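In what follows, a single structure is set out as structure tokens and then discussed.
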Amino acid sequence: MSEKTTIDHQWQPVIFDETDTTQRCALEELRRDTSLTFLDERETQRNGLRDLLPSPEQSLLDETDRWIYFPWRKTVVAVLGPRSFRHLRLDRNRNKITLDEQNDLGDLTIGIIGLSVGHAIAHTLALEGICGTLRLADFDEIELSNLNRIPASILDLGVNKAIVAARRIAEIDPYLRVEVVEEGLTENTVAEFFDGLDLLVEECDSLDVKVLAREEARSRRIPVLMETSDRGLLDVERFDLEPDRPVFHGVLGEIDFSSLRGLGTREKIPIVLDQLDAALLSARMAASMVEVGETIETWPQLGGDVQLGGATIAAAVRRLGTGAHLPSGRIRIDLDTHLDALATPAPTRRTEPAPPEPSAAVRPSFVDPDALVLHAAQRAPSGGNSQPWTIEIVGRTVRIGVDTSRTSTLDIAYRGSYVAVGAAAFNARVAATAQGRCDSAEITERGVDISLGDGQPGPITDRGLLDGVLGRCTNRELGTGEPLGTDVVADLVAAAAAEGGRLVLLSAREAVAEAAEILGEADRIRYLTPQLHREMFSELRWPGDRDPDQGIEVSSLGIDDADLSKLEIVKRPEVMALVDAWNVGAALGSDMRDRVLSSSALAVVVVPGSTAEHYIRGGYATENVWVTAHLHGVAVQPVSPAFIYARTPEEHRQLSVHHAETLQQLTSRFRTLFDLSESESVALVLRLSCAPKTGIYSRRLPVSAPGSG
């Protein structure tokens, strides 16, 4: 459209920038007009801008305000400058519309023909800020019978429909460019109307104009959208992709503009019925069509249906403007059909069964001494409670090895599995020793062999360490941050050393805070990497789930109902894919950060090398530390990061191709924080806390289960 040199005071707001001398003088002249009202809510707007997350860049905070004069309202309003106004006004669009998408959509020039249904569409596009320019064409004026579907008022009677829409849009966003063609679309205005359009929305009543518009759109390769209120019918014609596509999808056959001029309402009916597919009209609309010209003047439209059309077209515009899938075609978005399908929803809140009593879970009465050894071995911890071991008694030897079928992406080179095997071997050795029949425990290429000797098992006289093995569990409750006693620290360090490991304790609050950031970011990456995310949630066991004897029961996570509800959201892979694409998701690591920050200390069990034997010994050391902490009443939770068993760049890429570099940086920060040497390997990371005791114990596969002996 050609540029207007003067403002049309019927519908265009006048914008004043007080930093411009001429505009400031003009504004002062308006102030002297006592018939005008001045409104100033800038402080509220500025506070809203400052409170946004993340904080806006300084250029937005410093942008000069404007005064907007609405002549038809006889009102002048103070608002933020154009960039900061748009940033604040559209903030609640995120992340339904990302900032990049909002910017792309904000460049669209959209033409709308017909401002009855088109009013709702133009208003919705303006509300969402998914256009840069709106070009509105309608020759008709507001009548009282229009007010069942056009959100105008009796003060607008006799005013051009396009002008009424333009005014309403200006009062939402005075910076949005709106052009009005009061003559409507005709042969004389069609060429200029289409100049520069990215998209046409056609909502007029005249069949000849409908065809004229499509012929012009097709010649210029401009897509056309149309929403017909009855049963939410949406038409998409992608002339930009299919320049030879027949108008109206070809349902009317060969049809052209000239053949339709001058048709009356009654003559239009059969063509309209063909175009809409009479067999699919709603019963009420179909019955009404029979009465057009007899008991009703024209076909009916409801305000709610028109508003739905605005929402439908806006959804299509978002897809088209962002390059998402939007083919040519037709679909009905029929609310009545959906309402007919009302049904009682299934419960979303899962009822947790009462956890087993600790005594029943961990202190069974064993008549068979071998069964006690097997049970103790199976009480060992493992990543995700996967129990990646084989346990069997062959003659007088307990053999514990790696079950390679129970591995995961985090378990690089089965290093985590070796740690679990070492922990199981430690427990078996403790149970055998308590019976007075542990001759030796030897690490082999298969895992660990524990010789039970030839003697008969004696009575268990000292249950201290055995009770610790059988009673040990994960406690994920938040801690008080109370420091550990020096005697506790000394015992924990000695426990790791006794099994060939080294314990590094982090208790200084600044160091714990840095560790919390590292572990939180590693958790975020675990959520955002599809394979890691899938495996993480495959470990969780809800009430009624199959395979309850492996994995982690949700009831043991130590989270409240609000976080349980969030869990239902973050377990959805398509949600995490979007969060990853937006490069956000800081909240995904907040639970880990909060738990680490509540700890008394963070403990890392370290071994001096990276062979299978080293990791098995790391399992021994880890379990001894954990059992010792349990006997001291210290709560323990493993918080090992995703990168724990990755040692090379390639192994970090195995974990997450997209986030490999970040994982490597986190590994470096972690090792520096704990002052680990190049040759040392981490067996496990434990969160040590002063926290309420838990009575929930992870379940185990039965002793007779395949692979368990």
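Just so we're on the same page: first chain in the structure tokens is A, next is B, and so on; residues restart at 1 for each chain, and ligands are numbered from 1 in the order they show up.
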Contact residues around segment 201-218 of chain A with only C-alpha atoms at 6 Å, ignoring same-chain residues under 4 positions, as a VMD selection string:
chain A and resid 112 to 114 118 222 224 to 226 239 243 257 260 to 261
Write out as a ChimeraX atom specification the set of residues from segment 289-481 of chain A that DSSP, computed on the backbone, places in strand (DSSP E).
/A:329-332,389-394,397-402,440-443,447-451
Please report, as an MDAnalysis selection string, each residue of segment 51-164 of chain A to which DSSP assigns alpha helix (DSSP H) when run on this structure's backbone.
chainID A and resid 58:61 82:89 99:105 117:128 161:164
Write the residues you've just listed into a file as a PDB file, in the first residue's frame, and include C-alpha atoms for each of them.
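Result file is again_26.pdb:
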```
ATOM      1  CA  GLN A  58      19.707  -2.385  29.605  1.00  0.00           C
ATOM      2  CA  SER A  59      18.721  -0.804  26.279  1.00  0.00           C
ATOM      3  CA  LEU A  60      15.109  -1.853  26.908  1.00  0.00           C
ATOM      4  CA  LEU A  61      15.142  -0.516  30.459  1.00  0.00           C
ATOM      5  CA  PRO A  82       8.053   0.448  21.208  1.00  0.00           C
ATOM      6  CA  ARG A  83      10.669  -2.248  21.943  1.00  0.00           C
ATOM      7  CA  SER A  84      10.134  -2.404  25.699  1.00  0.00           C
ATOM      8  CA  PHE A  85       6.333  -2.181  25.244  1.00  0.00           C
ATOM      9  CA  ARG A  86       6.361  -5.208  22.927  1.00  0.00           C
ATOM     10  CA  HIS A  87       8.783  -7.094  25.195  1.00  0.00           C
ATOM     11  CA  LEU A  88       6.566  -6.662  28.256  1.00  0.00           C
ATOM     12  CA  ARG A  89       3.208  -7.014  26.517  1.00  0.00           C
ATOM     13  CA  LEU A  99      11.444 -15.043  21.307  1.00  0.00           C
ATOM     14  CA  ASP A 100      12.936 -16.040  17.956  1.00  0.00           C
ATOM     15  CA  GLU A 101       9.535 -17.168  16.697  1.00  0.00           C
ATOM     16  CA  GLN A 102       7.947 -13.962  17.990  1.00  0.00           C
ATOM     17  CA  ASN A 103      10.464 -11.896  16.055  1.00  0.00           C
ATOM     18  CA  ASP A 104       9.904 -13.905  12.861  1.00  0.00           C
ATOM     19  CA  LEU A 105       6.120 -13.641  13.174  1.00  0.00           C
ATOM     20  CA  VAL A 117     -15.274 -12.910  11.296  1.00  0.00           C
ATOM     21  CA  GLY A 118     -12.143 -11.034  10.244  1.00  0.00           C
ATOM     22  CA  HIS A 119     -12.444  -8.707  13.252  1.00  0.00           C
ATOM     23  CA  ALA A 120     -11.957 -11.615  15.669  1.00  0.00           C
ATOM     24  CA  ILE A 121      -9.034 -12.858  13.583  1.00  0.00           C
ATOM     25  CA  ALA A 122      -7.318  -9.469  13.362  1.00  0.00           C
ATOM     26  CA  HIS A 123      -7.824  -8.946  17.084  1.00  0.00           C
ATOM     27  CA  THR A 124      -6.350 -12.349  17.948  1.00  0.00           C
ATOM     28  CA  LEU A 125      -3.336 -11.836  15.675  1.00  0.00           C
ATOM     29  CA  ALA A 126      -2.726  -8.471  17.327  1.00  0.00           C
ATOM     30  CA  LEU A 127      -3.167  -9.934  20.822  1.00  0.00           C
ATOM     31  CA  GLU A 128      -0.513 -12.560  20.135  1.00  0.00           C
ATOM     32  CA  LYS A 161     -16.070  -2.311  10.150  1.00  0.00           C
ATOM     33  CA  ALA A 162     -12.380  -2.106   9.249  1.00  0.00           C
ATOM     34  CA  ILE A 163     -12.024   1.177  11.124  1.00  0.00           C
ATOM     35  CA  VAL A 164     -13.692  -0.293  14.227  1.00  0.00           C
TER      36      VAL A 164
END
```
Looking at only C-alpha atoms, which of A:Thr444, A:Asn624, A:Gln23, A:Thr312 is the one that sits closest to Arg429 of chain A?
A:Asn624
Residues at most 6 Å from Asp403 of chain A, counting only C-alpha atoms, excluding those fewer than 4 positions away in the same chain, as a PyMOL selection string?
chain A and resi 388-390
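The closest residue to His652 of chain A, picked from A:Cys473, A:Leu136, A:Ile525, A:Ala601 and counting only C-alpha atoms, is A:Ile525.
The interatomic distance for the pair atom CA of Ile130 of chain A and atom CA of Asn93 of chain A works out to 10.4 Å.
With only C-alpha atoms as the atoms that count, the residue of A:Leu234, A:Arg415, A:Ile313, A:Gly485 with the shortest distance to Ile333 of chain A is A:Leu234.
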Near segment 324-326 of chain A, within 12 Å and counting only C-alpha atoms, which residues show up once chain neighbours fewer than 2 positions away are dropped, as a ChimeraX atom specification?
/A:101,223-225,234-238,240-241,313,315-322,328-331
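Comparing the minimum interatomic distances between Ser382 of chain A and each of A:Asn47, A:Ser689, A:Gln637, A:Thr19, counting only C-alpha atoms, we find that A:Gln637 sits nearest.
Between Val181 of chain A and the residues A:Phe16, A:Trp11, A:Trp67, A:Tyr414, the shortest atom-to-atom distance, using only C-alpha atoms, involves A:Trp11.
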Near Leu176 of chain A, counting only C-alpha atoms, which residues have an atom at most 9 Å away, once you skip same-chain residues fewer than 3 positions from it, shown as a PyMOL selection string?
chain A and resi 126+129+131-134+169-170+172-173
Hey, can you spit out that residue selection with C-alpha atoms as a short mmCIF file (atom, residue, chain, number, x, y, z; two decimals), in the first residue's frame?
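Here's the written file selection_1.cif:
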```
data_model
loop_
_atom_site.label_atom_id
_atom_site.label_comp_id
_atom_site.auth_asym_id
_atom_site.auth_seq_id
_atom_site.Cartn_x
_atom_site.Cartn_y
_atom_site.Cartn_z
CA ALA A 126 -2.73 -8.47 17.33
CA GLY A 129 1.78 -10.12 18.33
CA CYS A 131 2.09 -9.91 12.70
CA GLY A 132 3.98 -6.74 11.86
CA THR A 133 1.40 -5.14 9.61
CA LEU A 134 -2.33 -5.79 9.31
CA ILE A 169 -6.14 -3.04 17.74
CA ALA A 170 -4.55 0.38 18.26
CA ILE A 172 -4.04 -2.96 22.38
CA ASP A 173 -0.81 -2.07 20.62
#
```
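Taking only C-alpha atoms into account, Val421 of chain A lies nearest to A:Gly401 out of the set A:Gly401, A:Gly520, A:Pro71, A:Pro270.
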With 8 Å as the cut-off and only C-alpha atoms counted, what is the closest atom pair between each nearby residue of segment 418-533 of chain A and segment 593-596 of chain A? Distances in Å to one decimal, ordered by chain and number, as a tab-separated table.
```
residue	atom	partner	partner_atom	distance
A:Arg476	CA	A:Arg595	CA	7.9
A:Glu477	CA	A:Arg595	CA	7.9
A:Leu478	CA	A:Arg595	CA	5.7
A:Gly479	CA	A:Arg595	CA	7.5
A:Val512	CA	A:Val596	CA	7.1
A:Ala513	CA	A:Val596	CA	7.7
A:Ala515	CA	A:Val596	CA	7.7
A:Ala516	CA	A:Arg593	CA	4.6
A:Glu517	CA	A:Arg593	CA	6.2
A:Leu519	CA	A:Arg593	CA	7.0
A:Gly520	CA	A:Arg593	CA	5.2
```
Dump as a CSV table (one decimal), in the first residue's frame, selection limited to C-alpha atoms:
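Writing the result to again22.csv gives the following:
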```csv
chain,number,residue,atom,x,y,z
A,476,ARG,CA,16.8,-38.4,49.9
A,477,GLU,CA,15.3,-36.1,52.6
A,478,LEU,CA,16.6,-32.6,52.7
A,479,GLY,CA,19.2,-32.1,55.4
A,512,VAL,CA,29.4,-27.2,48.5
A,513,ALA,CA,27.6,-24.4,46.6
A,515,ALA,CA,29.4,-28.6,43.7
A,516,ALA,CA,25.7,-28.0,43.7
A,517,GLU,CA,25.9,-25.9,40.6
A,519,LEU,CA,25.7,-31.5,39.8
A,520,GLY,CA,22.6,-29.4,39.0
```
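Residues lying within 12 Å of Glu482 of chain A, counting only C-alpha atoms and ignoring same-chain neighbours fewer than 5 positions away, are Ser507, Ala508, Arg509, Leu597, Ser598, Ser599, Ser600, Ala601, Val634, Ala635, Leu688, Ser689, Cys690 and Ala691 of chain A.
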Residues as selected, N, CA and C atoms, written as a short mmCIF file (atom, residue, chain, number, x, y, z; two decimals), in the first residue's frame, can you do that?
```
data_model
loop_
_atom_site.label_atom_id
_atom_site.label_comp_id
_atom_site.auth_asym_id
_atom_site.auth_seq_id
_atom_site.Cartn_x
_atom_site.Cartn_y
_atom_site.Cartn_z
N SER A 507 32.97 -29.86 52.69
CA SER A 507 32.02 -29.36 53.67
C SER A 507 31.96 -27.84 53.74
N ALA A 508 33.00 -27.15 53.23
CA ALA A 508 32.96 -25.68 53.21
C ALA A 508 31.79 -25.23 52.35
N ARG A 509 31.01 -24.25 52.84
CA ARG A 509 29.76 -23.91 52.17
C ARG A 509 29.97 -23.39 50.75
N LEU A 597 22.79 -28.46 48.54
CA LEU A 597 22.98 -27.31 49.42
C LEU A 597 22.50 -27.59 50.84
N SER A 598 21.56 -28.54 51.00
CA SER A 598 21.06 -28.87 52.34
C SER A 598 21.96 -29.87 53.06
N SER A 599 23.00 -30.34 52.41
CA SER A 599 23.83 -31.41 52.95
C SER A 599 24.83 -30.90 53.97
N SER A 600 25.26 -31.82 54.81
CA SER A 600 26.36 -31.51 55.73
C SER A 600 27.69 -31.57 55.01
N ALA A 601 27.80 -32.48 54.05
CA ALA A 601 29.04 -32.63 53.28
C ALA A 601 28.74 -33.42 52.02
N VAL A 634 23.86 -40.97 59.91
CA VAL A 634 23.97 -39.96 58.85
C VAL A 634 23.17 -40.43 57.63
N ALA A 635 22.34 -39.54 57.08
CA ALA A 635 21.57 -39.86 55.88
C ALA A 635 22.49 -39.81 54.66
N LEU A 688 25.89 -36.47 52.13
CA LEU A 688 25.80 -36.82 53.55
C LEU A 688 25.03 -35.72 54.29
N SER A 689 24.00 -36.13 55.03
CA SER A 689 23.12 -35.12 55.64
C SER A 689 22.67 -35.54 57.03
N CYS A 690 22.34 -34.53 57.82
CA CYS A 690 21.59 -34.74 59.05
C CYS A 690 20.12 -34.52 58.67
N ALA A 691 19.38 -35.60 58.55
CA ALA A 691 18.01 -35.53 58.02
C ALA A 691 17.14 -36.54 58.73
#
```
Per residue of segment 366-439 of chain A within 8 Å of segment 528-545 of chain A, record the nearest atom pair and its distance in Å to one decimal, counting only C-alpha atoms, with rows in chain order and ascending residue number, as CSV.
```
residue,atom,partner,partner_atom,distance
A:Gly384,CA,A:Glu539,CA,5.6
A:Asn385,CA,A:Glu539,CA,7.6
A:Ser386,CA,A:Glu539,CA,7.7
A:Ser408,CA,A:Glu535,CA,7.2
A:Thr409,CA,A:Leu532,CA,6.8
A:Leu410,CA,A:Leu532,CA,7.6
```
List the spatial neighbours of Pro369 of chain A as a JSON list (two decimals) with N, CA and C atoms, in the first residue's frame - criterion: any atom at most 9 Å away, only C-alpha atoms, same-chain residues fewer than 6 positions off excluded.
```json
[["chain", "number", "residue", "atom", "x", "y", "z"],
["A", 431, "ALA", "N", 28.56, -60.65, 55.73],
["A", 431, "ALA", "CA", 27.64, -61.68, 56.22],
["A", 431, "ALA", "C", 28.37, -62.99, 56.50],
["A", 432, "ALA", "N", 29.30, -63.35, 55.60],
["A", 432, "ALA", "CA", 30.05, -64.59, 55.81],
["A", 432, "ALA", "C", 30.96, -64.47, 57.02],
["A", 435, "GLN", "N", 29.34, -64.94, 60.30],
["A", 435, "GLN", "CA", 29.08, -66.35, 60.58],
["A", 435, "GLN", "C", 30.38, -67.10, 60.89],
["A", 457, "PRO", "N", 29.04, -72.89, 59.76],
["A", 457, "PRO", "CA", 28.83, -71.52, 60.25],
["A", 457, "PRO", "C", 28.46, -71.51, 61.72]]
```
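From atom CA of Ser451 of chain A back to atom CA of Val373 of chain A, the distance works out to 11.6 Å.
Picture a line from atom CA of Asp256 of chain A to atom CA of Val292 of chain A; it runs 24.9 Å.
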